[in-house]
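This is start.txt (compact mmCIF, C-alpha atoms and all ligand atoms).
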```txt
# COMPACT_ATOMS: atom_id res chain seq x y z
CA MET A 244 139.85 89.45 93.45
CA ASP A 245 138.41 86.51 91.52
CA ARG A 246 134.66 87.04 91.58
CA SER A 247 134.00 83.89 89.56
CA ALA A 248 134.80 81.96 92.72
CA ILE A 249 131.76 83.42 94.49
CA ARG A 250 129.57 80.60 95.84
CA VAL A 251 126.93 82.77 97.51
CA PRO A 252 126.35 86.04 95.64
CA TYR A 253 125.05 88.97 97.68
CA VAL A 254 121.95 89.01 95.49
CA ALA A 255 120.56 86.45 93.02
CA LEU A 256 118.82 86.96 89.70
CA PRO A 257 115.27 86.73 91.00
CA LEU A 258 113.25 85.71 87.94
CA ARG A 259 115.68 83.15 86.61
CA ALA A 260 114.76 80.12 88.66
CA ALA A 261 113.76 77.19 86.51
CA ARG A 262 110.86 76.44 88.88
CA VAL A 263 109.06 79.68 88.02
CA LYS A 264 109.75 79.62 84.29
CA LYS A 265 106.41 78.00 83.40
CA GLU A 266 104.43 80.51 85.48
CA LEU A 267 106.29 83.49 84.04
CA MET A 268 105.86 82.26 80.48
CA ALA A 269 102.13 81.70 81.09
CA ALA A 270 101.82 85.25 82.44
CA ILE A 271 103.57 86.71 79.38
CA GLU A 272 101.56 84.49 77.05
CA LYS A 273 98.32 86.04 78.32
CA VAL A 274 99.53 89.43 77.13
CA VAL A 275 100.69 88.05 73.80
CA ASP A 276 97.28 86.44 73.34
CA HIS A 277 95.17 89.53 74.03
CA GLY A 278 97.72 91.79 72.38
CA VAL A 279 97.25 94.84 74.64
CA TYR A 280 100.76 95.72 75.75
CA ILE A 281 100.04 99.02 77.52
CA LEU A 282 97.17 100.19 79.75
CA GLY A 283 95.58 96.78 79.33
CA PRO A 284 93.89 94.26 81.59
CA GLU A 285 97.09 93.02 83.25
CA MET A 286 98.05 96.48 84.39
CA GLU A 287 94.58 97.16 85.73
CA ASP A 288 94.50 93.83 87.54
CA PHE A 289 97.97 94.35 89.01
CA GLU A 290 97.11 97.86 90.21
CA HIS A 291 93.96 96.56 91.84
CA ARG A 292 95.80 93.74 93.57
CA PHE A 293 98.65 96.01 94.66
CA ALA A 294 96.26 98.53 96.25
CA HIS A 295 94.48 95.66 98.01
CA TYR A 296 97.77 94.20 99.24
CA CYS A 297 98.73 97.60 100.65
CA GLY A 298 95.33 98.06 102.25
CA THR A 299 94.92 101.34 100.42
CA ARG A 300 92.55 102.53 97.72
CA TYR A 301 94.57 103.32 94.62
CA ALA A 302 97.73 102.05 92.99
CA VAL A 303 99.07 103.56 89.77
CA GLY A 304 101.59 101.51 87.79
CA VAL A 305 104.64 103.34 86.47
CA GLY A 306 107.84 102.44 84.64
CA ASP A 307 110.15 102.42 87.66
CA GLY A 308 110.58 103.63 91.21
CA THR A 309 112.36 106.81 90.15
CA SER A 310 109.38 107.80 87.96
CA ALA A 311 107.12 107.01 90.91
CA LEU A 312 109.06 109.53 93.02
CA ILE A 313 109.08 112.20 90.29
CA LEU A 314 105.36 111.77 89.63
CA THR A 315 104.45 112.03 93.31
CA LEU A 316 106.70 115.04 93.97
CA LYS A 317 105.15 116.68 90.93
CA GLY A 318 101.72 115.73 92.28
CA LEU A 319 102.54 117.60 95.47
CA GLY A 320 103.26 120.65 93.37
CA VAL A 321 107.01 120.57 94.04
CA GLY A 322 108.87 122.79 91.59
CA PRO A 323 111.81 125.17 91.19
CA GLY A 324 113.07 126.65 94.44
CA ASP A 325 111.01 124.40 96.71
CA GLU A 326 112.93 122.46 99.34
CA VAL A 327 112.47 118.74 99.92
CA ILE A 328 113.96 117.09 103.01
CA ALA A 329 115.45 113.60 102.57
CA PRO A 330 118.16 111.51 104.22
CA THR A 331 121.75 111.53 102.95
CA TYR A 332 121.69 107.77 103.58
CA THR A 333 119.62 106.65 100.61
CA TRP A 334 119.88 105.47 97.05
CA VAL A 335 120.70 108.28 94.56
CA ALA A 336 117.26 108.08 92.92
CA THR A 337 115.54 109.73 95.91
CA ILE A 338 117.49 112.94 95.39
CA ASN A 339 117.71 112.77 91.59
CA ALA A 340 113.89 112.84 91.54
CA VAL A 341 113.87 116.05 93.60
CA VAL A 342 116.43 117.77 91.38
CA THR A 343 114.70 116.66 88.16
CA LEU A 344 111.83 118.98 89.13
CA GLY A 345 114.17 121.90 89.80
CA ALA A 346 113.62 121.61 93.54
CA VAL A 347 116.32 121.83 96.20
CA PRO A 348 117.23 118.69 98.17
CA VAL A 349 117.92 119.26 101.86
CA PHE A 350 120.03 116.39 103.18
CA VAL A 351 119.61 115.24 106.78
CA ASP A 352 121.37 112.66 108.93
CA ILE A 353 120.13 109.29 110.14
CA ASP A 354 120.04 108.23 113.81
CA GLU A 355 120.76 104.99 115.71
CA SER A 356 117.89 103.30 113.85
CA LEU A 357 119.81 103.89 110.58
CA THR A 358 116.82 105.79 109.18
CA MET A 359 116.17 109.54 108.91
CA ASP A 360 116.43 111.37 112.24
CA PRO A 361 113.13 113.20 112.97
CA ARG A 362 115.00 115.82 115.05
CA ALA A 363 117.21 116.58 112.05
CA VAL A 364 114.07 116.89 109.90
CA GLU A 365 112.56 119.42 112.28
CA ALA A 366 115.78 121.45 112.29
CA ALA A 367 115.95 121.48 108.48
CA ILE A 368 112.50 123.00 107.88
CA THR A 369 112.43 126.49 106.35
CA ASP A 370 109.76 128.65 104.73
CA ALA A 371 110.65 127.03 101.41
CA THR A 372 110.09 123.43 102.60
CA MET A 373 107.38 121.62 100.61
CA ALA A 374 107.78 117.97 101.50
CA ILE A 375 109.52 115.40 103.66
CA VAL A 376 110.67 112.12 102.10
CA PRO A 377 111.36 109.39 104.67
CA VAL A 378 113.04 106.36 103.11
CA HIS A 379 112.30 102.86 104.40
CA MET A 380 115.92 101.85 103.96
CA ARG A 381 116.75 98.15 103.69
CA GLY A 382 113.03 97.48 104.14
CA ALA A 383 113.06 98.82 107.73
CA ALA A 384 110.34 101.31 108.60
CA ALA A 385 111.53 104.89 108.89
CA ASP A 386 110.58 106.59 112.15
CA ILE A 387 107.18 107.40 110.70
CA ALA A 388 105.11 108.50 113.73
CA PRO A 389 107.26 111.50 114.74
CA ILE A 390 107.84 112.46 111.09
CA LEU A 391 104.08 112.52 110.44
CA ALA A 392 103.57 114.58 113.60
CA ILE A 393 106.16 117.14 112.48
CA ALA A 394 104.64 117.30 109.00
CA GLU A 395 101.17 117.86 110.38
CA ARG A 396 102.32 120.54 112.81
CA ARG A 397 104.24 122.40 110.09
CA GLY A 398 101.73 121.86 107.28
CA LEU A 399 104.05 119.76 105.10
CA ALA A 400 103.40 116.75 102.91
CA VAL A 401 105.02 113.37 103.50
CA LEU A 402 105.98 111.19 100.56
CA GLU A 403 107.37 107.79 101.52
CA ASP A 404 110.18 106.36 99.44
CA ALA A 405 109.04 102.77 99.91
CA ALA A 406 111.19 101.50 97.02
CA GLN A 407 112.76 98.83 99.24
CA ALA A 408 109.74 98.14 101.38
CA VAL A 409 107.18 95.85 99.69
CA GLY A 410 106.41 93.40 102.49
CA GLY A 411 106.90 95.74 105.46
CA LEU A 412 104.30 96.62 108.10
CA TYR A 413 104.36 99.40 110.71
CA HIS A 414 101.69 99.71 113.41
CA GLY A 415 99.56 97.25 111.44
CA LYS A 416 99.71 99.16 108.15
CA ARG A 417 101.79 98.60 105.03
CA LEU A 418 104.83 100.80 104.56
CA GLY A 419 104.09 103.35 101.86
CA THR A 420 100.54 104.06 103.09
CA PHE A 421 101.22 106.62 105.82
CA GLY A 422 102.02 109.74 103.81
CA LYS A 423 100.01 111.37 101.08
CA PHE A 424 101.75 109.01 98.65
CA GLY A 425 103.98 105.97 98.73
CA ALA A 426 106.45 105.29 95.90
CA PHE A 427 107.52 101.70 95.29
CA SER A 428 110.18 100.20 93.05
CA LEU A 429 109.71 96.83 91.34
CA GLN A 430 113.23 96.88 89.95
CA TYR A 431 115.16 93.68 89.54
CA HIS A 432 116.77 93.58 93.00
CA LYS A 433 113.81 94.71 95.07
CA THR A 434 111.66 92.47 97.30
CA ILE A 435 109.17 91.80 94.50
CA THR A 436 109.99 92.62 90.91
CA THR A 437 108.61 93.09 87.43
CA GLY A 438 112.14 93.29 86.01
CA GLU A 439 111.75 97.05 85.88
CA GLY A 440 108.69 98.78 87.27
CA GLY A 441 107.20 100.99 89.94
CA MET A 442 103.98 101.83 91.72
CA VAL A 443 102.45 104.86 93.38
CA VAL A 444 99.86 104.30 96.10
CA THR A 445 97.43 106.79 97.59
CA ARG A 446 94.04 106.91 99.31
CA ASP A 447 92.96 110.07 97.49
CA PRO A 448 90.83 109.51 94.35
CA GLU A 449 91.65 112.91 92.85
CA ILE A 450 95.36 112.39 93.29
CA ALA A 451 95.10 108.91 91.76
CA ALA A 452 93.21 110.27 88.76
CA ARG A 453 95.81 112.98 88.27
CA MET A 454 98.67 110.45 88.50
CA ARG A 455 97.02 108.44 85.71
CA VAL A 456 96.85 111.52 83.50
CA MET A 457 100.39 112.62 84.31
CA ARG A 458 101.96 109.22 83.63
CA LEU A 459 100.60 109.33 80.08
CA HIS A 460 101.60 112.64 78.46
CA GLY A 461 99.09 114.62 80.53
CA MET A 462 96.32 113.24 78.32
CA SER A 463 92.87 113.03 79.85
CA ARG A 464 91.95 109.44 80.58
CA ASP A 465 88.40 110.05 79.35
CA ALA A 466 89.88 110.42 75.91
CA PHE A 467 90.72 106.73 76.05
CA ASN A 468 87.17 105.71 76.67
CA ARG A 469 86.70 104.90 73.02
CA PHE A 470 83.59 102.79 73.47
CA THR A 471 81.23 105.57 74.51
CA ALA A 472 79.34 107.14 71.67
CA GLU A 473 80.06 110.73 72.73
CA VAL A 474 83.85 110.61 72.45
CA PRO A 475 85.16 110.13 68.91
CA SER A 476 87.93 107.54 68.68
CA TRP A 477 90.53 110.05 67.54
CA TYR A 478 89.82 112.60 70.28
CA TYR A 479 92.10 113.41 73.20
CA GLU A 480 92.80 116.39 75.41
CA VAL A 481 96.13 117.41 76.85
CA VAL A 482 95.38 118.88 80.27
CA ALA A 483 98.95 119.16 81.63
CA PRO A 484 102.56 118.72 80.46
CA GLY A 485 102.84 115.08 81.49
CA TYR A 486 105.34 112.25 81.30
CA LYS A 487 105.56 108.85 79.61
CA TYR A 488 105.81 106.76 82.75
CA ASN A 489 103.30 103.91 82.40
CA LEU A 490 104.05 100.34 83.45
CA THR A 491 103.79 97.82 80.61
CA ASP A 492 101.33 94.91 80.69
CA ILE A 493 104.10 92.33 80.41
CA ALA A 494 105.71 93.84 83.50
CA ALA A 495 102.32 93.89 85.24
CA ALA A 496 101.76 90.23 84.36
CA LEU A 497 105.05 89.36 86.08
CA GLY A 498 104.04 91.59 88.97
CA ILE A 499 100.77 89.70 89.53
CA HIS A 500 102.80 86.51 89.82
CA GLN A 501 105.27 88.12 92.23
CA LEU A 502 102.65 89.81 94.38
CA LYS A 503 100.88 86.49 95.01
CA ARG A 504 104.11 85.36 96.64
CA ALA A 505 104.98 88.57 98.50
CA ARG A 506 103.99 87.18 101.91
CA GLU A 507 105.98 84.01 101.33
CA PHE A 508 108.99 86.08 100.17
CA GLN A 509 108.85 88.31 103.26
CA ALA A 510 108.62 85.26 105.52
CA ARG A 511 111.67 83.64 103.90
CA ARG A 512 113.67 86.86 104.13
CA ALA A 513 112.72 87.21 107.79
CA GLU A 514 113.75 83.59 108.40
CA ILE A 515 117.19 84.23 106.92
CA ALA A 516 117.57 87.46 108.93
CA ALA A 517 116.62 85.55 112.09
CA ALA A 518 119.19 82.87 111.31
CA TYR A 519 121.87 85.55 110.94
CA ALA A 520 120.82 87.29 114.15
CA GLU A 521 120.91 84.02 116.07
CA ALA A 522 124.24 82.78 114.72
CA LEU A 523 126.14 86.08 114.65
CA ARG A 524 125.23 87.19 118.18
CA GLY A 525 128.30 87.54 120.36
CA LEU A 526 130.62 88.47 117.48
CA PRO A 527 132.09 92.00 117.29
CA LEU A 528 129.23 93.09 115.07
CA VAL A 529 126.28 95.41 115.44
CA LEU A 530 123.47 93.36 113.90
CA ALA A 531 120.71 94.78 111.70
CA PRO A 532 118.03 96.56 113.77
CA GLU A 533 114.89 94.42 113.91
CA ALA A 534 111.32 95.59 113.46
CA ALA A 535 109.40 96.45 116.64
CA PRO A 536 107.15 93.67 117.98
CA GLY A 537 104.04 93.43 115.80
CA ASP A 538 105.71 95.20 112.85
CA LEU A 539 107.22 93.46 109.81
CA HIS A 540 110.61 94.29 108.35
CA ALA A 541 110.66 93.87 104.55
CA TRP A 542 114.32 92.75 104.82
CA HIS A 543 115.37 94.02 101.42
CA LEU A 544 118.91 94.09 102.79
CA TYR A 545 120.66 92.64 105.83
CA ALA A 546 123.30 95.14 106.94
CA VAL A 547 125.76 94.51 109.76
CA ARG A 548 128.25 96.98 111.20
CA LEU A 549 131.65 96.05 112.58
CA ASP A 550 131.97 97.26 116.15
CA ASP A 551 135.05 98.78 117.77
CA ALA A 552 136.28 95.38 118.97
CA ALA A 553 136.37 93.90 115.45
CA PRO A 554 139.89 92.74 114.53
CA VAL A 555 139.48 93.85 110.95
CA ALA A 556 138.28 96.99 109.14
CA ARG A 557 135.24 96.93 106.85
CA ASP A 558 137.04 96.92 103.49
CA ALA A 559 139.41 94.11 104.54
CA PHE A 560 136.46 92.20 106.01
CA ILE A 561 134.68 92.34 102.65
CA GLU A 562 137.83 91.07 100.91
CA ARG A 563 138.01 88.16 103.36
CA LEU A 564 134.40 87.24 102.68
CA TYR A 565 135.00 87.40 98.92
CA ALA A 566 138.06 85.20 99.29
CA ASP A 567 135.79 82.71 101.04
CA GLY A 568 133.28 82.78 98.17
CA ILE A 569 130.75 85.08 99.83
CA GLY A 570 129.46 88.09 97.93
CA CYS A 571 128.56 91.22 99.87
CA SER A 572 128.17 94.90 99.18
CA VAL A 573 127.84 98.32 100.77
CA HIS A 574 124.44 100.08 100.71
CA TYR A 575 125.11 102.87 100.14
CA ILE A 576 127.80 105.48 99.96
CA PRO A 577 125.97 108.41 101.63
CA LEU A 578 125.14 111.14 99.15
CA HIS A 579 127.07 113.85 101.03
CA LEU A 580 130.23 111.95 100.08
CA GLN A 581 129.40 111.82 96.36
CA PRO A 582 131.33 114.44 94.37
CA TYR A 583 128.35 116.00 92.64
CA TRP A 584 126.17 116.49 95.74
CA ARG A 585 129.11 117.38 97.97
CA GLU A 586 130.27 120.14 95.65
CA ARG A 587 126.88 121.39 94.48
CA TYR A 588 125.51 121.86 98.00
CA GLY A 589 128.76 122.29 99.98
CA LEU A 590 128.05 119.22 102.13
CA VAL A 591 130.58 118.29 104.82
CA PRO A 592 130.87 114.97 106.71
CA ALA A 593 130.74 116.74 110.09
CA ALA A 594 127.08 117.58 109.42
CA PHE A 595 126.20 113.86 109.16
CA PRO A 596 128.00 112.10 112.02
CA HIS A 597 125.68 109.06 112.23
CA SER A 598 125.75 108.43 108.50
CA GLN A 599 129.50 108.87 108.53
CA ARG A 600 130.02 106.34 111.32
CA ALA A 601 127.56 103.85 109.84
CA PHE A 602 129.07 104.07 106.38
CA LYS A 603 132.61 103.34 107.61
CA THR A 604 131.60 100.07 109.26
CA MET A 605 128.55 98.80 107.36
CA LEU A 606 128.18 96.04 104.79
CA SER A 607 125.28 93.98 103.43
CA LEU A 608 125.38 90.20 103.68
CA PRO A 609 123.62 88.01 101.08
CA LEU A 610 119.85 88.02 101.52
CA TYR A 611 117.40 86.80 98.88
CA THR A 612 114.55 84.36 98.79
CA ARG A 613 116.34 81.75 96.70
CA MET A 614 119.15 81.35 99.27
CA THR A 615 119.21 77.83 100.64
CA ASP A 616 119.79 77.05 104.31
CA ALA A 617 123.21 75.72 103.28
CA ASP A 618 123.99 79.11 101.67
CA VAL A 619 123.03 80.84 104.93
CA GLN A 620 125.32 78.51 106.89
CA ARG A 621 128.17 79.20 104.45
CA VAL A 622 127.79 82.92 105.00
CA ILE A 623 127.70 82.48 108.78
CA ALA A 624 130.82 80.30 108.75
CA ALA A 625 132.66 82.80 106.53
CA VAL A 626 131.72 85.75 108.76
CA ARG A 627 132.95 83.86 111.82
CA ALA A 628 136.21 82.93 110.08
CA ALA A 629 136.79 86.47 108.83
CA LEU A 630 136.42 87.81 112.37
CA GLY A 631 138.38 84.94 113.95
C1 LIG A 701 115.58 101.31 93.96
C2 LIG A 701 115.32 102.58 94.67
C3 LIG A 701 114.74 103.69 94.02
C4 LIG A 701 114.49 103.75 92.55
O1 LIG A 701 113.80 102.70 92.01
P1 LIG A 701 114.04 102.28 90.47
O2 LIG A 701 112.93 101.33 90.21
O3 LIG A 701 115.39 101.66 90.39
O4 LIG A 701 113.93 103.53 89.65
C5 LIG A 701 114.45 104.81 94.79
N1 LIG A 701 114.73 104.86 96.09
C6 LIG A 701 115.30 103.83 96.74
C7 LIG A 701 115.57 103.94 98.21
C8 LIG A 701 115.64 102.67 96.05
O5 LIG A 701 116.23 101.66 96.69
```
Could you write out this structure as structure tokens?
Ligand SMILES: *Cc1c(COP(=O)(O)O)cnc(C)c1O
Amino acid sequence: MDRSAIRVPYVALPLRAARVKKELMAAIEKVVDHGVYILGPEMEDFEHRFAHYCGTRYAVGVGDGTSALILTLKGLGVGPGDEVIAPTYTWVATINAVVTLGAVPVFVDIDESLTMDPRAVEAAITDATMAIVPVHMRGAAADIAPILAIAERRGLAVLEDAAQAVGGLYHGKRLGTFGKFGAFSLQYHKTITTGEGGMVVTRDPEIAARMRVMRLHGMSRDAFNRFTAEVPSWYYEVVAPGYKYNLTDIAAALGIHQLKRAREFQARRAEIAAAYAEALRGLPLVLAPEAAPGDLHAWHLYAVRLDDAAPVARDAFIERLYADGIGCSVHYIPLHLQPYWRERYGLVPAAFPHSQRAFKTMLSLPLYTRMTDADVQRVIAAVRAALG
């Protein structure tokens, strides 16, 4: 396969566009001018804006989405032997974060919505369960209401993996603000990006304060208040075995720029998704589930599934699209099929029938804000031809 012939990649380099170069350079220049590269004014400003955007009280900037998940699981007190319920249909980071803390991941299936099945969650709860981690996959809201109800009834915490969900709304609230914590990724391919970065959001001031301590070696933040007379400049206290997970100010400066455009980005993504839905209706495809009326899909990914009437199997379909210059990908290979997880936890496909069926037929079409209308039309024409 000659990938150099790709005319519409499945994802574009988001911060490369010549039209934003000036703004990005100006953002970076601010940091170079004041010289505070960590825990400085850009990070504080970005955190403040991010919390405001989410309609929540606190946002804590961290190095990436995986650190955000580890920090929040740790904040819930998750440790060795505790069980954490998460979908098999997710990016590997969700589960790696659980295992990093010595906890036990409990994999559950998705349902027709392509997000974690609340009935499977209920069935997976044991005395050792500490937390439930719904994932807003592809930017689509997980089935939050029943999951919150189960968690409340069983006395469990909910931590939302909102890594793909900046821009999404459910029942009038931002994704990531329903559970005790939301963990966001600002990685390069996500809906807004700082190149590499992450954010934890919460409404609880004590939790937020603890996150700030834990992201910086477990050192008390008061120790950094070097301008009060009482605290000598060299003094610090280690109050917990923490991490080194802070976001940098250069990343935060890029994030401020991106966040200002988050609404515009979501609208463009939704426009592209609507164009696909309109033009691909009637083909032997199951189109991406839409958000319920009044909600907003973050549209990180646009995934279609081939239906039984499709004249071609998924892998061959992808090859046809590539041959036509259209990039696409598969998000993701469910974790129960990955050698490590399969063998370590004895996972079998029969336990995850929905994930299994979805994985065999699913692929992601190109979707990114810099796509032109002509790009969208090229993708549509190629999909039609490949199914023709
Ligand atoms: C990207 C992603 C993460 C991890 O985020 P990073 O910033 O890459 O560490 C976690 N969960 C999901 C569902 C993701 O898509």
- Mind listing the residues within 6 Å of ligand LIG 701 (chain A), only C-alpha atoms and all ligand atoms counted, as number ranges by chain? A: 307-309, 333-334, 336-337, 404, 406-407, 428-430, 440-441
- Task: Counting all atoms listed in the file, select every polymer residue within 12 Å of (116.0, 121.8, 107.1) as defined in the file's coordinates, and provide the selection as a PyMOL selection string.
- Result: chain A and resi 325-330+347-352+360-375
Which residues are close to A:Val378, i.e. within 7 Å by all atoms listed in the file, leaving aside same-chain residues fewer than 2 positions away? Reply as a CSV table (one decimal) with C-alpha atoms, keeping the file's coordinate frame.
```
chain,number,residue,atom,x,y,z
A,376,VAL,CA,110.7,112.1,102.1
A,380,MET,CA,115.9,101.8,104.0
A,385,ALA,CA,111.5,104.9,108.9
A,403,GLU,CA,107.4,107.8,101.5
A,404,ASP,CA,110.2,106.4,99.4
A,405,ALA,CA,109.0,102.8,99.9
```
- Message: Between atom CA of A:Ala556 and atom CA of A:Arg585, what distance in Å does the model show, to one decimal?
- Response: 25.0 Å
- Query: What lies within 7 Å of A:Gln501 using all atoms listed in the file, ignoring chain neighbours under 4 positions off, as a list of chain:residue names?
  - Reply: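 Close residues of A:Gln501: A:Ile435, A:Thr436, A:Leu497, A:Ala505.
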Counting all atoms listed in the file, which residues of stretch 477-577 of chain A sit at most 12 Å from some atom of stretch 272-295 of chain A, and what is each one's closest atom pair with its distance in Å to one decimal, listed by chain and rising residue number, as CSV?
```
residue,atom,partner,partner_atom,distance
A:Lys487,CA,A:Ile281,CA,11.5
A:Tyr488,CA,A:Ile281,CA,11.0
A:Asn489,CA,A:Ile281,CA,7.6
A:Leu490,CA,A:Met286,CA,7.2
A:Thr491,CA,A:Ile281,CA,5.0
A:Asp492,CA,A:Tyr280,CA,5.0
A:Ile493,CA,A:Val274,CA,6.3
A:Ala494,CA,A:Met286,CA,8.2
A:Ala495,CA,A:Met286,CA,5.1
A:Ala496,CA,A:Glu285,CA,5.6
A:Leu497,CA,A:Phe289,CA,9.1
A:Gly498,CA,A:Phe289,CA,6.7
A:Ile499,CA,A:Phe289,CA,5.5
A:His500,CA,A:Phe289,CA,9.2
A:Gln501,CA,A:Phe289,CA,10.1
A:Leu502,CA,A:Phe293,CA,7.4
A:Lys503,CA,A:Arg292,CA,9.0
A:Ala505,CA,A:Phe293,CA,10.5
```
- Message: When you count only C-alpha atoms, which of these residues is closest to A:Gly525: A:Asp550, A:Glu449, A:Glu507, A:Asp558?
- Response: A:Asp550
Which residues come within 12 Å of A:Ala566, counting only C-alpha atoms, excluding same-chain residues fewer than 3 positions away, as a PDB file with C-alpha atoms, in the frame of the given file?
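Once written, around.pdb looks like this:
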```pdb
ATOM      1  CA  MET A 244     139.850  89.450  93.450  1.00  0.00           C
ATOM      2  CA  ASP A 245     138.410  86.510  91.520  1.00  0.00           C
ATOM      3  CA  ARG A 246     134.660  87.040  91.580  1.00  0.00           C
ATOM      4  CA  SER A 247     134.000  83.890  89.560  1.00  0.00           C
ATOM      5  CA  ALA A 248     134.800  81.960  92.720  1.00  0.00           C
ATOM      6  CA  ILE A 249     131.760  83.420  94.490  1.00  0.00           C
ATOM      7  CA  ARG A 250     129.570  80.600  95.840  1.00  0.00           C
ATOM      8  CA  VAL A 251     126.930  82.770  97.510  1.00  0.00           C
ATOM      9  CA  ALA A 559     139.410  94.110 104.540  1.00  0.00           C
ATOM     10  CA  PHE A 560     136.460  92.200 106.010  1.00  0.00           C
ATOM     11  CA  ILE A 561     134.680  92.340 102.650  1.00  0.00           C
ATOM     12  CA  GLU A 562     137.830  91.070 100.910  1.00  0.00           C
ATOM     13  CA  ARG A 563     138.010  88.160 103.360  1.00  0.00           C
ATOM     14  CA  ILE A 569     130.750  85.080  99.830  1.00  0.00           C
ATOM     15  CA  GLY A 570     129.460  88.090  97.930  1.00  0.00           C
ATOM     16  CA  CYS A 571     128.560  91.220  99.870  1.00  0.00           C
ATOM     17  CA  VAL A 622     127.790  82.920 105.000  1.00  0.00           C
ATOM     18  CA  ALA A 625     132.660  82.800 106.530  1.00  0.00           C
ATOM     19  CA  VAL A 626     131.720  85.750 108.760  1.00  0.00           C
ATOM     20  CA  ALA A 628     136.210  82.930 110.080  1.00  0.00           C
ATOM     21  CA  ALA A 629     136.790  86.470 108.830  1.00  0.00           C
TER      22      ALA A 629
END
```
- Query: How many Å lie between atom CA of A:Pro532 and atom CA of A:Leu399, rounded to one decimal?
  - Reply: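 According to the coordinates, atom CA of A:Pro532 and atom CA of A:Leu399 are separated by 28.4 Å.
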- Item | Top pick for closest residue to A:Ala383, considering A:Ala535, A:Val481, A:Val456, A:Ile313 and counting all atoms listed in the file | A:Ala535
- Message: Counting only C-alpha atoms, I want the residues whose atoms come within 12 Å of (121.5, 94.7, 93.3) in the file frame, returned as an MDAnalysis selection string.
- Response: chainID A and resid 252:257 334 381 407 430:434 436 438 543:544 570:575 607:611
Give me the residues within 12 Å of A:Arg627 as an mmCIF file with C-alpha atoms, in the frame of the given file, counting all atoms listed in the file and dropping any in the same chain fewer than 6 places off.
```cif
data_model
loop_
_atom_site.group_PDB
_atom_site.id
_atom_site.type_symbol
_atom_site.label_atom_id
_atom_site.label_comp_id
_atom_site.auth_asym_id
_atom_site.auth_seq_id
_atom_site.Cartn_x
_atom_site.Cartn_y
_atom_site.Cartn_z
ATOM 1 C CA TYR A 519 121.870 85.550 110.940
ATOM 2 C CA ALA A 522 124.240 82.780 114.720
ATOM 3 C CA LEU A 523 126.140 86.080 114.650
ATOM 4 C CA ARG A 524 125.230 87.190 118.180
ATOM 5 C CA GLY A 525 128.300 87.540 120.360
ATOM 6 C CA LEU A 526 130.620 88.470 117.480
ATOM 7 C CA PRO A 527 132.090 92.000 117.290
ATOM 8 C CA LEU A 528 129.230 93.090 115.070
ATOM 9 C CA ALA A 553 136.370 93.900 115.450
ATOM 10 C CA PRO A 554 139.890 92.740 114.530
ATOM 11 C CA VAL A 555 139.480 93.850 110.950
ATOM 12 C CA PHE A 560 136.460 92.200 106.010
ATOM 13 C CA ARG A 563 138.010 88.160 103.360
ATOM 14 C CA LEU A 564 134.400 87.240 102.680
ATOM 15 C CA ASP A 567 135.790 82.710 101.040
ATOM 16 C CA GLN A 620 125.320 78.510 106.890
ATOM 17 C CA ARG A 621 128.170 79.200 104.450
#
```
- Message: At a cut-off of 8 Å, using all atoms listed in the file, what residues contact A:Thr612? Leave out same-chain residues fewer than 2 positions from it and give the result as number ranges by chain.
- Response: A: 508, 511-512, 610, 614
Could those residues be written to a file, using C-alpha atoms, as a JSON list (two decimals), in the coordinates of the input?
```json
[["chain", "number", "residue", "atom", "x", "y", "z"],
["A", 508, "PHE", "CA", 108.99, 86.08, 100.17],
["A", 511, "ARG", "CA", 111.67, 83.64, 103.90],
["A", 512, "ARG", "CA", 113.67, 86.86, 104.13],
["A", 610, "LEU", "CA", 119.85, 88.02, 101.52],
["A", 614, "MET", "CA", 119.15, 81.35, 99.27]]
```
Centre and edge lengths of an axis-aligned box around all listed atoms of stretch 439-447 of chain A, with 5 Å added on each side, are to be given in Å to one decimal, as AutoDock Vina command-line options.
```
--center_x 102.4 --center_y 103.6 --center_z 92.6 --size_x 28.8 --size_y 23.0 --size_z 23.4
```
- Task: Give me, please, the distance in Å between atom CA of A:Arg458 and atom CA of A:Thr315, quoted to one decimal.
- Result: 10.4 Å
- Option closest in space to A:Leu530, from A:Leu606, A:Phe427, A:Leu418, A:Thr445 [counting all atoms listed in the file]: A:Leu606
